[in-house]
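Here's entry-v2.tsv, which has TSV, C-alpha atoms:
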chain	number	residue	atom	x	y	z
V	1	MET	CA	100.77	83.69	145.71
V	2	HIS	CA	100.58	87.33	146.82
V	3	ILE	CA	99.04	88.08	150.24
V	4	LYS	CA	98.47	91.63	151.39
V	5	THR	CA	96.35	93.35	154.04
V	6	THR	CA	93.82	95.84	152.74
V	7	LYS	CA	91.84	98.52	154.55
V	8	CYS	CA	89.89	97.66	157.67
V	9	ASN	CA	86.39	96.26	157.43
V	10	ARG	CA	84.03	99.05	158.51
V	11	PHE	CA	81.15	96.62	159.13
V	12	CYS	CA	83.00	94.31	161.53
V	13	LEU	CA	84.51	94.70	165.00
V	14	VAL	CA	86.74	92.33	166.91
V	15	ALA	CA	86.42	92.36	170.71
V	16	SER	CA	89.44	91.37	172.79
V	17	MET	CA	88.05	89.72	175.92
V	18	THR	CA	90.14	88.98	179.00
V	19	ASN	CA	87.02	87.85	180.86
V	20	GLN	CA	86.32	84.16	180.15
V	21	GLU	CA	82.74	84.35	181.45
V	22	VAL	CA	81.45	85.52	178.07
V	23	PHE	CA	82.57	82.16	176.60
V	24	ASN	CA	81.38	79.95	179.47
V	25	ARG	CA	78.22	81.47	180.96
V	26	PRO	CA	75.10	82.05	178.82
V	27	GLU	CA	74.05	84.90	181.11
V	28	ALA	CA	77.29	86.81	180.52
V	29	GLN	CA	77.03	86.10	176.80
V	30	ALA	CA	73.49	87.49	176.64
V	31	SER	CA	74.56	90.60	178.57
V	32	PHE	CA	77.48	91.07	176.13
V	33	GLU	CA	75.26	90.82	173.07
V	34	THR	CA	72.77	93.31	174.53
V	35	LEU	CA	75.46	96.01	174.54
V	36	PHE	CA	75.82	95.85	170.75
V	37	GLN	CA	72.20	95.11	169.86
V	38	SER	CA	71.36	98.59	171.11
V	39	PHE	CA	73.35	99.97	168.13
V	40	ASP	CA	72.19	97.45	165.51
V	41	PRO	CA	69.39	94.90	166.09
V	42	GLU	CA	70.71	92.72	163.22
V	43	VAL	CA	74.20	92.38	164.66
V	44	GLN	CA	75.79	88.89	164.55
V	45	PHE	CA	78.39	87.34	166.87
V	46	GLN	CA	81.10	84.72	166.39
V	47	TYR	CA	82.95	83.50	169.49
V	48	PHE	CA	86.57	82.29	169.35
V	49	ARG	CA	87.29	80.96	172.81
V	50	SER	CA	90.87	79.80	172.10
V	51	PHE	CA	91.88	83.30	170.94
V	52	ARG	CA	89.71	85.17	173.47
V	53	ARG	CA	88.13	87.09	170.62
V	54	VAL	CA	84.56	87.83	169.52
V	55	ARG	CA	83.78	88.83	165.96
V	56	ILE	CA	80.88	91.28	165.77
V	57	SER	CA	79.34	91.87	162.33
V	58	PHE	CA	77.09	94.92	161.79
V	59	SER	CA	74.71	95.67	158.95
V	60	ASP	CA	75.55	99.38	159.08
V	61	ALA	CA	79.04	100.88	159.10
V	62	LEU	CA	77.89	103.91	161.15
V	63	ALA	CA	76.51	101.60	163.85
V	64	ALA	CA	79.82	99.76	164.01
V	65	ALA	CA	81.75	103.03	164.30
V	66	GLU	CA	79.46	104.34	167.05
V	67	ALA	CA	79.72	101.07	169.01
V	68	ARG	CA	83.48	101.15	168.81
V	69	LEU	CA	83.57	104.80	169.89
V	70	ARG	CA	81.39	104.24	172.98
V	71	LEU	CA	82.39	100.76	174.13
V	72	HIS	CA	86.15	100.70	173.43
V	73	LYS	CA	88.16	100.22	176.67
V	74	THR	CA	85.01	100.03	178.77
V	75	ASP	CA	84.40	97.72	181.72
V	76	PHE	CA	82.53	94.44	181.22
V	77	ASN	CA	82.03	92.30	184.35
V	78	GLY	CA	85.07	93.84	186.00
V	79	LYS	CA	87.40	93.41	182.97
V	80	GLU	CA	88.43	95.89	180.30
V	81	MET	CA	87.04	95.26	176.82
V	82	ARG	CA	88.82	96.51	173.72
V	83	LEU	CA	87.33	96.83	170.26
V	84	TYR	CA	89.14	96.93	166.91
V	85	PHE	CA	88.02	97.08	163.31
V	86	ALA	CA	88.59	93.78	161.56
V	87	GLN	CA	91.11	93.69	158.73
V	88	SER	CA	90.45	91.76	155.56
V	89	VAL	CA	93.22	89.78	153.89
V	90	HIS	CA	93.30	89.75	150.09
V	91	ILE	CA	94.76	86.64	148.44
V	92	GLY	CA	95.94	87.30	144.91
V	93	SER	CA	95.40	83.77	143.61
V	94	PRO	CA	93.84	80.69	145.24
V	95	ARG	CA	96.47	78.49	143.58
V	96	LEU	CA	100.22	78.41	143.95
V	97	GLU	CA	101.72	79.82	140.77
V	98	PRO	CA	105.05	78.57	139.37
V	99	PRO	CA	108.09	80.80	139.87
V	100	LYS	CA	109.13	83.23	137.19
V	101	PRO	CA	111.40	81.57	134.59
V	102	ASP	CA	114.12	84.18	134.92
V	103	LYS	CA	116.83	81.94	136.40
V	104	GLN	CA	115.45	78.46	135.79
V	105	PHE	CA	118.17	77.82	133.23
V	106	LEU	CA	120.68	77.70	136.12
V	107	ILE	CA	119.13	74.43	137.31
V	108	SER	CA	120.87	71.30	136.05
V	109	PRO	CA	119.18	69.96	134.01
V	110	PRO	CA	117.20	73.11	133.27
V	111	ALA	CA	113.45	72.91	133.55
V	112	SER	CA	113.02	75.08	130.48
V	113	PRO	CA	115.33	77.36	128.45
V	114	PRO	CA	115.18	81.11	129.13
V	115	VAL	CA	113.10	83.41	127.01
V	116	GLY	CA	114.70	84.05	123.61
V	117	TRP	CA	117.15	81.13	123.86
V	118	GLU	CA	118.10	79.49	120.57
V	119	GLN	CA	120.30	76.47	120.05
V	120	SER	CA	123.63	77.40	118.52
V	121	GLN	CA	125.02	75.51	115.55
V	122	ASP	CA	128.28	73.64	116.06
V	123	ALA	CA	131.17	75.40	114.33
V	124	THR	CA	133.19	73.56	111.69
V	125	PRO	CA	136.49	72.32	113.18
V	126	VAL	CA	139.55	74.20	111.97
V	127	ILE	CA	142.23	71.88	110.54
V	128	ASN	CA	145.69	73.22	109.77
V	129	TYR	CA	146.60	71.14	106.77
V	130	ASP	CA	149.95	72.91	106.32
V	131	LEU	CA	151.02	71.82	109.80
V	132	LEU	CA	149.86	68.25	109.24
V	133	CYS	CA	151.74	68.11	105.95
V	134	ALA	CA	154.93	69.44	107.51
V	135	ILE	CA	154.73	66.97	110.41
V	136	SER	CA	154.18	64.03	108.04
V	137	LYS	CA	157.40	64.91	106.18
V	138	LEU	CA	159.54	64.94	109.30
V	139	GLY	CA	162.03	62.14	109.76
V	140	PRO	CA	164.47	61.15	112.49
V	141	GLY	CA	167.00	63.90	113.05
V	142	ASP	CA	165.03	66.55	111.16
V	143	LYS	CA	163.78	69.78	112.65
V	144	TYR	CA	160.86	72.01	111.88
V	145	GLU	CA	160.61	75.68	112.73
V	146	LEU	CA	157.13	76.47	114.01
V	147	HIS	CA	157.73	80.12	114.80
V	148	THR	CA	160.35	82.35	113.24
V	149	ALA	CA	162.45	84.40	115.60
V	150	THR	CA	161.82	88.14	115.89
V	151	PRO	CA	163.86	90.88	117.58
V	152	THR	CA	161.71	90.45	120.72
V	153	THR	CA	160.71	86.75	120.66
V	154	PRO	CA	162.71	83.53	120.18
V	155	SER	CA	162.01	80.94	117.54
V	156	VAL	CA	160.17	77.68	118.22
V	157	VAL	CA	161.81	74.63	116.63
V	158	VAL	CA	160.67	71.00	116.88
V	159	HIS	CA	163.42	68.35	116.79
V	160	VAL	CA	162.45	64.77	115.94
V	161	CYS	CA	164.22	62.26	118.16
V	162	GLU	CA	166.31	59.44	116.71
V	163	ASP	CA	164.97	55.91	116.71
V	164	GLU	CA	166.00	53.91	119.77
V	165	ARG	CA	167.15	51.09	117.51
V	166	GLY	CA	169.74	53.34	115.84
V	167	GLY	CA	167.65	54.29	112.83
V	168	ASP	CA	167.60	50.76	111.40
V	169	SER	CA	164.42	50.82	109.36
V	170	SER	CA	164.80	47.14	108.52
V	171	ALA	CA	164.36	46.11	112.14
V	172	PRO	CA	160.94	44.62	112.80
V	173	ASP	CA	158.46	46.85	114.52
V	174	ASP	CA	156.31	46.01	117.51
V	175	SER	CA	153.48	44.71	115.35
V	176	ASP	CA	155.78	42.08	113.80
V	177	GLN	CA	157.07	41.02	117.20
V	178	ASP	CA	153.54	40.48	118.47
V	179	ASP	CA	152.96	37.86	115.79
V	180	LYS	CA	156.00	35.78	116.78
V	181	PRO	CA	155.88	33.48	119.78
V	182	ARG	CA	157.61	34.85	122.81
V	183	PRO	CA	160.30	32.80	124.60
V	184	PRO	CA	159.14	31.10	127.77
V	185	ARG	CA	159.77	32.86	130.99
V	186	PRO	CA	162.62	31.48	133.11
V	187	LYS	CA	161.47	29.35	136.01
V	188	ILE	CA	162.17	30.84	139.40
V	189	ILE	CA	164.04	28.31	141.55
V	190	GLN	CA	163.03	28.49	145.17
V	191	THR	CA	165.81	28.70	147.77
V	192	ARG	CA	166.34	25.34	149.46
V	193	ARG	CA	165.62	25.21	153.15
V	194	PRO	CA	168.72	24.31	155.21
V	195	ASP	CA	168.83	20.94	156.86
V	196	TYR	CA	167.89	20.82	160.51
V	197	ALA	CA	169.92	18.54	162.74
V	198	PRO	CA	168.57	18.12	166.28
V	199	LYS	CA	171.03	18.57	169.11
V	200	VAL	CA	172.11	15.47	170.96
V	201	GLU	CA	172.00	15.80	174.72
V	202	GLN	CA	175.09	14.58	176.55

Using the file provided, produce a representation of the structure as structure tokens.
Amino acid sequence: MHIKTTKCNRFCLVASMTNQEVFNRPEAQASFETLFQSFDPEVQFQYFRSFRRVRISFSDALAAAEARLRLHKTDFNGKEMRLYFAQSVHIGSPRLEPPKPDKQFLISPPASPPVGWEQSQDATPVINYDLLCAISKLGPGDKYELHTATPTTPSVVVHVCEDERGGDSSAPDDSDQDDKPRPPRPKIIQTRRPDYAPKVEQ
């Protein structure tokens, strides 16, 4: 919502009153209105006691200008009276508009995608079948050169470790051992408490 102050209202004056009698006493109020009715008989008044202001609306802009010229900073019941042209405030829209969707995509989750956004298609995964084939052919003790050495870079060679069971392929694997019953765990024998013999008093 855009709010901006436009040009002053030429048909309206605002009187700044330091004298509170114009708000409390009808006689002072009638004397105050008589000052402006001499310029425009159709003048209207609105009193704002809390702000010590009086809004004076004229039917003629020339009458308002002449009243301001003659009565500004004049004395009224022993107090100075100041007159100003009222300023109108222009409100762009009576409703609160949503923010511009320039950076809404930074919110997680985003309220809406940015302008021109399109969903990208997932790329097909790249599978190196040559590498998978070479790894499948490796056995214990074999080596495979991944990168050949150059005058400026060393070579990269993968060595396959030997089997912990000494390369005996006939030995049962872990899956076979899981099927067989495991031996019972040894029972932990608690340490026997020493005998306590009470002392005999002599």

Query raised in the report: Quick one: distance from CA of Ala63 in chain V to CA of Arg10 in chain V in Å, one decimal?
Result: 9.6 Å

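The two atoms in question, CA of Met17 in chain V and CA of Arg52 in chain V, are spaced 5.4 Å apart.
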
Query - Option closest in space to Leu138 in chain V, from V:Met81, V:Thr34, V:Val158, V:Lys73 [counting all atoms listed in the file] - result: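 Checking each candidate against Leu138 in chain V, we get V:Val158 as the closest.
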
Report task. Could you give me, as a PyMOL selection string, the residues within 10 Å of Asn24 in chain V, counting all atoms listed in the file and dropping anything in the same chain fewer than 5 positions from it? Result -> chain V and resi 19+29+49

**Report entry** Atom pair CA of Lys143 in chain V / CA of Ser155 in chain V: separation (Å)
**Finding:** 12.3 Å

Query raised in the report: Taking all atoms listed in the file into account, which of V:Ala86, V:Leu69, V:Leu131, V:Val126 comes nearest Leu146 in chain V?
Result: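 Ranked by minimum distance to Leu146 in chain V, first place goes to V:Leu131.
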